[in-house]
>>> print(open('target.cif').read())   # mmCIF, C-alpha atoms
data_structure
loop_
_atom_site.label_atom_id
_atom_site.label_comp_id
_atom_site.auth_asym_id
_atom_site.auth_seq_id
_atom_site.Cartn_x
_atom_site.Cartn_y
_atom_site.Cartn_z
CA MET A 267 6.87 -20.16 13.79
CA THR A 268 9.93 -19.55 15.84
CA VAL A 269 10.51 -16.39 17.77
CA ALA A 270 14.05 -15.13 18.04
CA ARG A 271 15.18 -12.76 20.73
CA ALA A 272 16.16 -9.32 19.58
CA THR A 273 19.80 -9.03 20.40
CA THR A 274 20.04 -5.30 19.98
CA ALA A 275 17.57 -2.47 19.81
CA MET A 276 18.36 -1.85 16.16
CA PRO A 277 18.28 -4.46 13.40
CA SER A 278 21.34 -4.99 11.31
CA PRO A 279 21.83 -1.92 9.19
CA ALA A 280 23.47 -3.95 6.45
CA LEU A 281 20.93 -3.00 3.81
CA ASP A 282 20.60 0.56 2.59
CA LEU A 283 16.82 0.73 2.76
CA GLU A 284 16.63 4.04 1.03
CA LYS A 285 18.51 2.77 -2.02
CA ALA A 286 16.45 -0.40 -2.00
CA LEU A 287 13.18 1.58 -2.01
CA LEU A 288 14.36 3.74 -4.87
CA ALA A 289 15.30 0.56 -6.77
CA CYS A 290 11.81 -0.84 -6.12
CA ALA A 291 10.37 2.34 -7.59
CA SER A 292 12.25 1.63 -10.79
CA GLY A 293 10.85 -1.90 -10.97
CA ASP A 294 13.71 -3.90 -9.43
CA LYS A 295 12.16 -6.95 -7.77
CA ALA A 296 15.48 -8.07 -6.34
CA ALA A 297 15.42 -4.91 -4.23
CA LEU A 298 12.05 -5.90 -2.78
CA ARG A 299 13.49 -9.30 -1.93
CA ALA A 300 16.44 -7.61 -0.26
CA ILE A 301 14.08 -5.54 1.88
CA TYR A 302 12.19 -8.71 2.73
CA ASP A 303 15.36 -10.52 3.77
CA SER A 304 16.43 -7.60 5.90
CA GLU A 305 13.11 -6.54 7.47
CA ALA A 306 10.42 -9.23 7.24
CA ALA A 307 11.16 -10.86 10.61
CA GLN A 308 11.22 -7.50 12.39
CA MET A 309 8.06 -6.42 10.59
CA LEU A 310 6.31 -9.63 11.58
CA GLY A 311 7.38 -9.04 15.16
CA VAL A 312 5.80 -5.58 15.07
CA ALA A 313 2.64 -6.87 13.39
CA ARG A 314 2.30 -9.52 16.10
CA ARG A 315 2.26 -6.86 18.78
CA PHE A 316 -1.03 -5.76 17.26
CA LEU A 317 -2.24 -9.12 16.02
CA PRO A 318 -1.00 -12.01 18.13
CA ARG A 319 -2.51 -14.56 15.77
CA SER A 320 0.33 -15.39 13.45
CA THR A 321 -1.77 -15.94 10.31
CA LEU A 322 -3.23 -12.46 10.51
CA ALA A 323 0.13 -10.88 11.24
CA GLU A 324 1.68 -12.64 8.24
CA GLU A 325 -1.21 -11.48 6.14
CA VAL A 326 -0.45 -7.91 7.14
CA VAL A 327 3.23 -8.33 6.25
CA HIS A 328 2.22 -9.80 2.88
CA ASP A 329 -0.05 -6.86 2.12
CA VAL A 330 2.56 -4.36 3.27
CA PHE A 331 5.19 -5.73 0.90
CA VAL A 332 2.73 -5.48 -1.95
CA LYS A 333 2.09 -1.86 -0.90
CA ILE A 334 5.80 -1.13 -0.64
CA TRP A 335 6.21 -2.38 -4.19
CA ARG A 336 3.29 -0.41 -5.56
CA ASN A 337 3.99 2.80 -3.66
CA ALA A 338 7.78 2.88 -3.64
CA GLY A 339 7.57 5.70 -6.17
CA ALA A 340 5.86 7.84 -3.52
CA PHE A 341 8.74 7.45 -1.07
CA ASP A 342 10.58 10.74 -0.83
CA PRO A 343 13.91 10.55 1.00
CA ALA A 344 13.69 14.28 1.65
CA ARG A 345 10.60 13.79 3.77
CA GLY A 346 11.52 11.04 6.16
CA ASN A 347 13.74 8.06 6.47
CA ALA A 348 13.13 4.81 4.65
CA ARG A 349 12.69 2.71 7.77
CA ALA A 350 10.08 5.06 9.20
CA TRP A 351 8.30 5.02 5.82
CA ILE A 352 8.13 1.22 5.75
CA TYR A 353 7.08 0.85 9.38
CA THR A 354 4.46 3.55 9.00
CA ILE A 355 2.81 1.55 6.22
CA LEU A 356 3.08 -1.54 8.38
CA ARG A 357 1.61 0.07 11.49
CA HIS A 358 -1.17 1.70 9.51
CA HIS A 359 -2.18 -1.57 7.90
CA ALA A 360 -1.86 -3.55 11.13
CA LEU A 361 -3.97 -0.96 12.96
CA ASN A 362 -6.69 -1.02 10.32
CA THR A 363 -6.74 -4.80 10.42
CA LEU A 364 -6.91 -4.77 14.21
CA ARG A 365 -9.77 -2.29 14.25
CA THR A 366 -11.68 -4.16 11.57
CA GLU A 367 -11.22 -7.33 13.59
CA ARG A 368 -12.45 -5.67 16.74
CA ARG A 369 -15.42 -4.26 14.91
CA MET A 370 -16.29 -7.66 13.52
CA ASP A 371 -15.75 -9.22 16.93
CA LEU A 372 -13.44 -11.79 15.46
CA THR A 373 -11.19 -11.30 18.45
CA ASP A 374 -13.77 -12.64 20.87
CA ASP A 375 -11.71 -15.73 21.43
CA LEU A 376 -8.69 -13.70 22.45
CA GLU A 377 -8.29 -11.98 25.71
CA PRO A 378 -7.64 -8.51 24.35
CA PHE A 379 -4.51 -7.72 26.31
CA GLY A 380 -3.71 -10.99 28.00
CA LEU A 381 -1.58 -12.26 25.17
CA VAL A 382 1.08 -9.67 25.58
CA SER A 383 4.00 -11.31 27.27
CA HIS A 384 5.99 -9.71 30.06
CA GLU A 385 8.87 -8.88 27.84
CA GLU A 386 6.45 -6.84 25.75
CA GLY A 387 5.19 -4.80 28.70
CA PRO A 388 5.73 -1.06 28.31
CA GLU A 389 8.48 -0.79 30.94
CA ALA A 390 10.39 -3.73 29.45
CA VAL A 391 10.10 -2.26 25.98
CA VAL A 392 11.49 1.09 27.10
CA MET A 393 14.38 -0.78 28.74
CA ARG A 394 15.14 -2.36 25.41
CA LEU A 395 15.70 0.99 23.75
CA SER A 396 19.34 1.82 23.31
CA GLU A 397 21.04 3.36 26.38
CA THR A 398 21.87 6.37 24.30
CA SER A 399 18.39 6.74 22.86
CA ARG A 400 16.95 10.21 23.12
CA LEU A 401 13.47 8.69 23.05
CA ARG A 402 14.35 6.53 26.04
CA LEU A 403 15.70 9.48 27.97
CA CYS A 404 12.61 11.53 27.22
CA LEU A 405 10.13 8.75 27.97
CA ASN A 406 11.89 8.27 31.28
CA ALA A 407 11.31 11.93 32.03
CA LEU A 408 7.57 11.15 32.19
CA GLU A 409 5.90 9.94 35.34
CA PRO A 410 5.67 6.09 35.12
CA LYS A 411 1.90 5.94 34.57
CA ARG A 412 2.05 8.55 31.82
CA ARG A 413 4.95 6.78 30.17
CA GLU A 414 3.04 3.52 30.26
CA MET A 415 0.06 5.11 28.51
CA ILE A 416 2.10 6.57 25.68
CA VAL A 417 4.10 3.41 25.10
CA LEU A 418 1.03 1.15 25.31
CA ALA A 419 -0.85 3.34 22.86
CA TYR A 420 1.98 3.00 20.40
CA LEU A 421 2.67 -0.71 20.90
CA GLN A 422 -0.88 -1.96 20.82
CA GLY A 423 -2.59 0.66 18.74
CA LEU A 424 -4.91 1.83 21.53
CA THR A 425 -7.05 4.88 20.93
CA HIS A 426 -7.76 7.60 23.50
CA GLY A 427 -11.04 5.86 24.26
CA GLU A 428 -9.44 2.47 24.74
CA LEU A 429 -6.74 3.92 26.97
CA ALA A 430 -9.38 5.70 29.05
CA GLY A 431 -11.24 2.44 29.50
CA ARG A 432 -8.09 0.58 30.32
CA PHE A 433 -6.93 3.06 32.95
CA GLY A 434 -10.43 3.72 34.24
CA VAL A 435 -10.49 7.49 33.71
CA PRO A 436 -12.87 9.71 31.72
CA LEU A 437 -12.03 10.24 28.06
CA GLY A 438 -11.38 13.98 28.53
CA THR A 439 -8.94 13.28 31.34
CA MET A 440 -7.05 10.76 29.24
CA LYS A 441 -6.88 13.17 26.32
CA SER A 442 -5.43 15.95 28.44
CA TRP A 443 -2.90 13.60 30.11
CA ILE A 444 -1.75 12.43 26.69
CA ARG A 445 -1.56 15.99 25.39
CA ARG A 446 0.62 17.06 28.31
CA SER A 447 2.87 14.01 27.96
CA LEU A 448 3.34 14.70 24.26
CA ALA A 449 4.25 18.31 24.99
CA VAL A 450 6.89 17.14 27.50
CA LEU A 451 8.25 14.67 24.97
CA LYS A 452 8.38 17.26 22.23
CA ASP A 453 10.32 19.73 24.37
CA CYS A 454 12.67 17.01 25.50
CA MET A 455 13.31 15.66 22.01
CA ALA A 456 13.79 19.07 20.40
CA MET B 106 -4.28 26.54 22.91
CA THR B 107 -3.22 28.11 19.65
CA GLY B 108 -4.02 26.55 16.30
CA SER B 109 -0.47 25.56 15.63
CA SER B 110 0.08 23.83 18.96
CA HIS B 111 -3.27 22.12 18.49
CA ASN B 112 -2.03 20.83 15.15
CA GLU B 113 1.28 19.77 16.62
CA THR B 114 -0.55 17.69 19.21
CA LEU B 115 -2.87 16.29 16.58
CA ALA B 116 0.14 15.32 14.44
CA ALA B 117 1.69 13.47 17.37
CA GLU B 118 -1.56 11.73 18.25
CA TYR B 119 -2.00 10.72 14.63
CA ALA B 120 1.57 9.43 14.36
CA LEU B 121 1.08 7.33 17.49
CA GLY B 122 -2.22 5.90 16.27
CA LEU B 123 -4.40 7.33 19.03
CA LEU B 124 -7.05 8.88 16.84
CA GLU B 125 -10.34 7.55 15.59
CA GLY B 126 -13.48 8.95 14.04
CA GLU B 127 -13.57 12.68 13.33
CA GLY B 128 -10.12 13.37 14.79
CA LEU B 129 -8.62 10.71 12.56
CA ALA B 130 -10.39 12.06 9.49
CA GLN B 131 -9.17 15.59 10.27
CA ALA B 132 -5.58 14.40 10.74
CA GLU B 133 -5.66 12.42 7.50
CA ARG B 134 -6.94 15.45 5.65
CA LEU B 135 -4.26 17.72 7.11
CA ASN B 136 -1.58 15.11 6.45
CA ALA B 137 -2.54 15.06 2.78
CA GLU B 138 -2.93 18.82 2.36
CA ASP B 139 -0.74 20.62 4.86
CA GLU B 140 3.01 20.39 4.33
CA GLY B 141 3.88 21.55 7.84
CA PHE B 142 1.52 19.04 9.38
CA SER B 143 2.83 16.10 7.37
CA LEU B 144 6.43 17.02 8.21
CA SER B 145 5.49 17.10 11.86
CA VAL B 146 3.83 13.67 11.57
CA ALA B 147 6.94 12.32 9.84
CA ALA B 148 9.15 13.67 12.63
CA TRP B 149 7.05 12.00 15.33
CA ARG B 150 7.03 8.75 13.39
CA ALA B 151 10.77 8.81 12.96
CA ARG B 152 11.18 9.31 16.73
CA PHE B 153 8.87 6.46 17.65
CA THR B 154 10.09 3.97 15.04
CA GLU B 155 12.75 3.10 17.59
CA LEU B 156 10.04 1.40 19.60
CA ASP B 157 9.20 -0.82 16.62
CA MET B 158 12.81 -1.92 16.58
CA THR B 159 12.38 -3.38 20.09
CA ALA B 160 9.88 -5.99 18.89
CA SER B 161 11.19 -9.53 18.97
CA PRO B 162 11.67 -10.62 15.37
CA ALA B 163 9.43 -13.52 14.32
CA VAL B 164 10.51 -15.73 11.46
CA PRO B 165 7.79 -15.79 8.79
CA GLY B 166 6.42 -19.06 7.42
CA SER B 167 8.43 -20.36 4.52
CA GLY B 168 5.75 -19.58 1.93
CA LEU B 169 5.41 -15.90 2.72
CA TRP B 170 7.93 -14.59 0.23
CA GLU B 171 6.49 -16.78 -2.54
CA ARG B 172 3.05 -15.37 -1.87
CA ILE B 173 4.37 -11.82 -1.91
CA ALA B 174 6.24 -12.47 -5.16
CA ALA B 175 3.09 -13.93 -6.72
CA SER B 176 0.97 -10.96 -5.63
CA VAL B 177 3.51 -8.52 -6.96
CA VAL B 178 3.55 -10.27 -10.33
CA ARG B 179 -0.24 -10.42 -10.44
CA GLY B 180 -0.52 -6.75 -9.61
CA ASP B 181 2.07 -5.67 -12.14
CA ALA B 182 -0.43 -3.70 -14.16
CA ALA B 183 -0.98 -1.53 -11.09
CA ALA B 184 2.69 -1.45 -10.13
CA PRO B 185 4.89 1.60 -10.58
CA GLN B 186 5.69 1.93 -14.22
CA PRO B 187 9.43 1.46 -14.47
CA VAL B 188 11.35 3.88 -16.59
CA ALA B 189 11.72 1.80 -19.73
CA SER B 190 15.19 0.53 -20.29
CA PRO B 191 16.13 -1.80 -23.16
CA THR B 192 16.25 -4.79 -20.84
CA GLN B 193 12.84 -4.07 -19.46
CA ILE B 194 11.02 -3.73 -22.72
CA ARG B 195 10.38 -7.43 -22.99
CA ARG B 196 7.29 -6.97 -20.87
CA GLU B 197 4.47 -9.29 -21.75
CA GLY B 198 1.94 -8.20 -24.33
CA PRO B 199 -1.57 -7.25 -23.34
CA SER B 200 -3.01 -9.87 -21.05
CA PHE B 201 -6.05 -11.83 -21.92
CA LEU B 202 -8.01 -9.58 -19.61
CA ALA B 203 -6.66 -6.44 -21.18
CA ARG B 204 -7.91 -7.74 -24.48
CA LEU B 205 -11.20 -8.67 -22.90
CA TRP B 206 -11.45 -5.14 -21.58
CA ALA B 207 -10.65 -3.70 -24.98
CA SER B 208 -13.22 -5.89 -26.59
CA LEU B 209 -16.08 -5.00 -24.27
CA PRO B 210 -17.17 -1.81 -26.05
CA LEU B 211 -17.11 -3.83 -29.22
CA TRP B 212 -19.62 -6.28 -27.87
CA ARG B 213 -21.84 -3.42 -26.92
CA ALA B 214 -21.49 -1.66 -30.22
CA ALA B 215 -22.37 -4.82 -31.99
CA GLY B 216 -25.52 -5.10 -29.96
CA LEU B 217 -24.35 -8.35 -28.49
CA VAL B 218 -24.86 -7.39 -24.91
CA ALA B 219 -27.52 -9.85 -24.15
CA THR B 220 -26.58 -9.93 -20.50
CA ALA B 221 -26.40 -13.67 -20.31
CA ALA B 222 -24.12 -13.95 -23.31
CA ALA B 223 -21.73 -11.33 -21.98
CA LEU B 224 -21.70 -13.01 -18.61
CA VAL B 225 -20.89 -16.42 -20.01
CA LEU B 226 -18.19 -15.01 -22.25
CA ALA B 227 -16.64 -12.97 -19.45
CA LEU B 228 -16.67 -16.01 -17.20
CA ALA B 229 -15.02 -18.13 -19.85
CA LEU B 230 -12.37 -15.51 -20.55
CA ALA B 231 -11.72 -14.83 -16.89
CA ALA B 232 -11.20 -18.52 -16.33
CA ALA B 233 -9.08 -19.00 -19.44
CA SER B 234 -6.83 -16.09 -18.54
CA ARG B 235 -5.71 -17.77 -15.35
CA ARG B 236 -4.37 -21.03 -16.71
CA GLY B 237 -2.29 -22.90 -14.20
CA ASN B 238 -3.72 -20.95 -11.31
CA GLU B 239 -7.39 -21.17 -11.90
CA PRO B 240 -9.92 -19.49 -9.69
CA VAL B 241 -12.37 -21.87 -8.09
CA TYR B 242 -15.05 -19.20 -8.31
CA VAL B 243 -15.54 -16.19 -10.49
CA ALA B 244 -18.05 -13.40 -10.00
CA VAL B 245 -18.81 -10.94 -12.75
CA LEU B 246 -20.00 -7.70 -11.16
CA MET B 247 -22.71 -6.05 -13.22
CA THR B 248 -23.87 -2.45 -13.13
CA ASP B 249 -27.50 -1.34 -13.03
CA ALA B 250 -27.33 -1.12 -16.77
CA ALA B 251 -26.50 -4.83 -16.83
CA THR B 252 -23.01 -4.35 -18.20
CA PRO B 253 -20.08 -6.28 -16.72
CA ALA B 254 -17.89 -3.79 -14.83
CA ALA B 255 -15.48 -5.96 -12.83
CA ILE B 256 -14.51 -9.56 -12.16
CA VAL B 257 -13.74 -11.17 -8.83
CA ASN B 258 -11.58 -14.29 -8.95
CA ALA B 259 -11.50 -16.45 -5.83
CA TYR B 260 -8.75 -19.03 -5.47
CA ARG B 261 -8.58 -22.32 -3.63
CA ASP B 262 -6.09 -20.97 -1.08
CA GLY B 263 -8.52 -18.28 0.07
CA ARG B 264 -7.08 -15.43 -1.97
CA ALA B 265 -9.34 -13.35 -4.14
CA GLU B 266 -8.76 -10.47 -6.49
CA LEU B 267 -10.78 -7.75 -8.11
CA ILE B 268 -10.22 -6.87 -11.75
CA PRO B 269 -12.16 -3.85 -12.97
CA LEU B 270 -13.25 -3.95 -16.59
CA GLU B 271 -14.09 -0.31 -16.97
CA PRO B 272 -13.23 2.93 -15.20
CA ILE B 273 -15.57 3.94 -12.39
CA PRO B 274 -15.97 7.65 -11.69
CA VAL B 275 -15.18 8.35 -8.02
CA PRO B 276 -16.22 11.82 -6.78
CA GLU B 277 -13.81 13.84 -4.63
CA GLY B 278 -13.83 12.68 -1.01
CA LYS B 279 -15.35 9.33 -1.91
CA ALA B 280 -13.97 5.83 -2.31
CA LEU B 281 -15.02 2.48 -3.68
CA GLN B 282 -15.64 -0.12 -1.01
CA ILE B 283 -15.81 -3.79 -1.84
CA TRP B 284 -18.04 -6.10 0.16
CA THR B 285 -18.90 -9.72 0.26
CA LEU B 286 -21.84 -11.48 1.82
CA TRP B 287 -20.95 -15.01 2.81
CA ASP B 288 -23.24 -15.16 5.78
CA ARG B 289 -26.60 -13.39 5.75
CA GLU B 290 -26.71 -13.53 9.53
CA ARG B 291 -23.57 -11.45 9.78
CA GLY B 292 -24.26 -9.23 6.81
CA PRO B 293 -21.81 -7.76 4.30
CA VAL B 294 -18.13 -7.71 5.26
CA SER B 295 -15.73 -5.12 3.86
CA ILE B 296 -12.86 -6.68 1.93
CA GLY B 297 -11.29 -3.63 0.34
CA LEU B 298 -11.32 0.14 -0.08
CA LEU B 299 -10.12 1.77 -3.29
CA ASP B 300 -9.56 5.36 -4.34
CA ARG B 301 -10.23 4.38 -7.95
CA ALA B 302 -10.95 1.28 -9.98
CA ARG B 303 -7.85 -0.86 -10.20
CA SER B 304 -6.87 -4.49 -9.86
CA VAL B 305 -6.27 -5.46 -6.24
CA PRO B 306 -6.07 -8.49 -4.02
CA LEU B 307 -9.07 -8.65 -1.71
CA GLY B 308 -9.09 -9.21 2.03
CA THR B 309 -10.94 -12.50 1.92
CA GLU B 310 -8.34 -14.70 3.53
CA ARG B 311 -9.73 -14.17 6.98
CA LEU B 312 -13.17 -15.23 5.85
CA PRO B 313 -14.41 -18.76 5.35
CA GLU B 314 -13.83 -20.19 1.91
CA THR B 315 -15.68 -18.45 -0.90
CA ARG B 316 -18.72 -20.42 -2.06
CA ALA B 317 -20.96 -20.58 -5.09
CA ASP B 318 -23.58 -17.82 -5.24
CA GLN B 319 -21.70 -15.65 -2.79
CA LEU B 320 -22.49 -11.98 -3.32
CA PHE B 321 -19.73 -9.48 -4.08
CA GLU B 322 -20.57 -5.82 -4.50
CA ILE B 323 -18.98 -2.38 -4.68
CA THR B 324 -20.56 0.67 -3.07
CA LEU B 325 -19.62 4.33 -3.08
CA GLU B 326 -18.55 5.34 0.43
CA PRO B 327 -16.77 8.20 2.23
CA LYS B 328 -13.03 8.32 1.58
CA GLN B 329 -12.19 6.56 4.87
CA GLY B 330 -14.68 3.81 4.18
CA SER B 331 -18.17 3.28 5.50
CA PRO B 332 -18.43 4.79 8.99
CA THR B 333 -20.80 2.04 10.10
CA GLY B 334 -18.93 -1.01 8.84
CA ARG B 335 -21.92 -1.70 6.59
CA PRO B 336 -22.59 -0.41 3.08
CA THR B 337 -24.14 3.05 3.29
CA GLY B 338 -23.74 4.39 -0.24
CA PRO B 339 -25.22 3.42 -3.60
CA ILE B 340 -24.35 -0.01 -5.01
CA LEU B 341 -22.31 0.53 -8.16
CA MET B 342 -22.12 -3.09 -9.21
CA LYS B 343 -22.70 -6.54 -7.84
CA GLY B 344 -22.53 -10.17 -8.81
CA LEU B 345 -22.62 -13.73 -7.51
CA THR B 346 -19.85 -16.27 -7.70
CA HIS B 347 -20.02 -19.12 -10.20
CA ALA B 348 -17.69 -22.02 -10.73
CA PRO B 349 -15.88 -21.30 -13.99
CA LEU B 350 -16.42 -23.57 -16.99
#
>>> encode(input="target.cif", output="structure tokens")
Amino acid sequence: MTVARATTAMPSPALDLEKALLACASGDKAALRAIYDSEAAQMLGVARRFLPRSTLAEEVVHDVFVKIWRNAGAFDPARGNARAWIYTILRHHALNTLRTERRMDLTDDLEPFGLVSHEEGPEAVVMRLSETSRLRLCLNALEPKRREMIVLAYLQGLTHGELAGRFGVPLGTMKSWIRRSLAVLKDCMA
Amino acid sequence: MTGSSHNETLAAEYALGLLEGEGLAQAERLNAEDEGFSLSVAAWRARFTELDMTASPAVPGSGLWERIAASVVRGDAAAPQPVASPTQIRREGPSFLARLWASLPLWRAAGLVATAAALVLALALAAASRRGNEPVYVAVLMTDAATPAAIVNAYRDGRAELIPLEPIPVPEGKALQIWTLWDRERGPVSIGLLDRARSVPLGTERLPETRADQLFEITLEPKQGSPTGRPTGPILMKGLTHAPL
């Protein structure tokens, strides 16, 4: 497997994902292929943030495309954009796989966090957001440690409990830090 | 903290993937039932999707699309039903399995349900229906009443699929969880969670190759799946793998 550098923060917007999803809902397999051509590499990149082992990450992408096909009829453009819909399914499935793996201790042979390269560290990831990104601006309004927690939670699918363990603070403390950070973000993004 | 700001926080935590256990269950319930909550979740997700776009793309293996295409074709019965247009009407007739399904009550009515006979016939039909892509093992899952209720086909490449043969009543708030036991030391491993009986690919690819006499079973579990990672509810059906004829 080759890994290509992301050249920009956003993938090429050549494909109208919303139209493609609606076409999938009407049984158009070419539309699914078009989504694959446009998004599969990005989706695999996201899945690998959760599941560094490439076979598992590909498995997740496989399952997600089957889900996209089956559930395209449930996509409602009025309730969220197509990209967020697709990546939500992806993240959900990757997270479930990750948690199942952890529960089954199949990840024993992996150092849980050691595989994340420097370029995937939370600060580096925030830097890769577009200069004009509102999310970037608002994340940067958080104190560095708090920003790191929020971004790590999102990137690696860490729960409150896992974050607390990672940062060596009690669970209640972590929960209230996260709550306050989310409130700051919400005000900033509004 | 007021209820609404509590829910707003919960929606954000859910969208980010921070929740587990009871909090997760509560958020999933609200997301399904509460319009305001699900809109709030969608808004948080849309904001954070930008972070997904910073991942370095990774080129998938060359066979990935072919596998997706094959799964999509296999699952067509469960796929969204396209609005019929003249060009789409040339869908294939009832599959072998559909006919098998249709014929099952007949066997029963005719008093032919000597369990062994039904099992052998189901095995033969399950194998015959997959010409060109034959399962290496087939398990017919039987209910307590010794009637075949579903088939599991396991393929050489590690894939497996579940094909229900009859509807299974699933009470509100419950789900069907599919398990396999390939190692008694480790115990049953969950390979799927369903809201209702339908044909699905099973999560066996991460497990060692399916073997003869490997147990597959379906239990009734809470909607989110067994909280313990082990079967907790009643066994609805079970069966062992056999090499098809």
>>> resolve_selection(input="target.cif", expression="the PyMOL selection byres ((chain B and resi 321) around 6)", output="VMD selection string")
chain B and resid 284 to 285 320 322 343 to 344
>>> closest_residue(input="target.cif", among="A:Tyr302, A:Phe433, A:Phe316, A:Tyr420", to="B:Ala120", atoms="all atoms listed in the file")
A:Tyr420
>>> closest_residue(input="target.cif", among="A:Asp294, A:Asp453, A:Glu284, A:Glu397", to="A:Phe341", atoms="all atoms listed in the file")
A:Glu284
>>> residues_around(input="target.cif", residues="B:Thr154", least_positions_apart="6", cutoff="9 Å", atoms="all atoms listed in the file", output="MDAnalysis selection string")
chainID A and resid 349:350 353:354
>>> closest_residue(input="target.cif", among="A:Ile352, A:Leu283, A:Ala289, A:Ala344", to="A:Met309", atoms="all atoms listed in the file")
A:Ile352
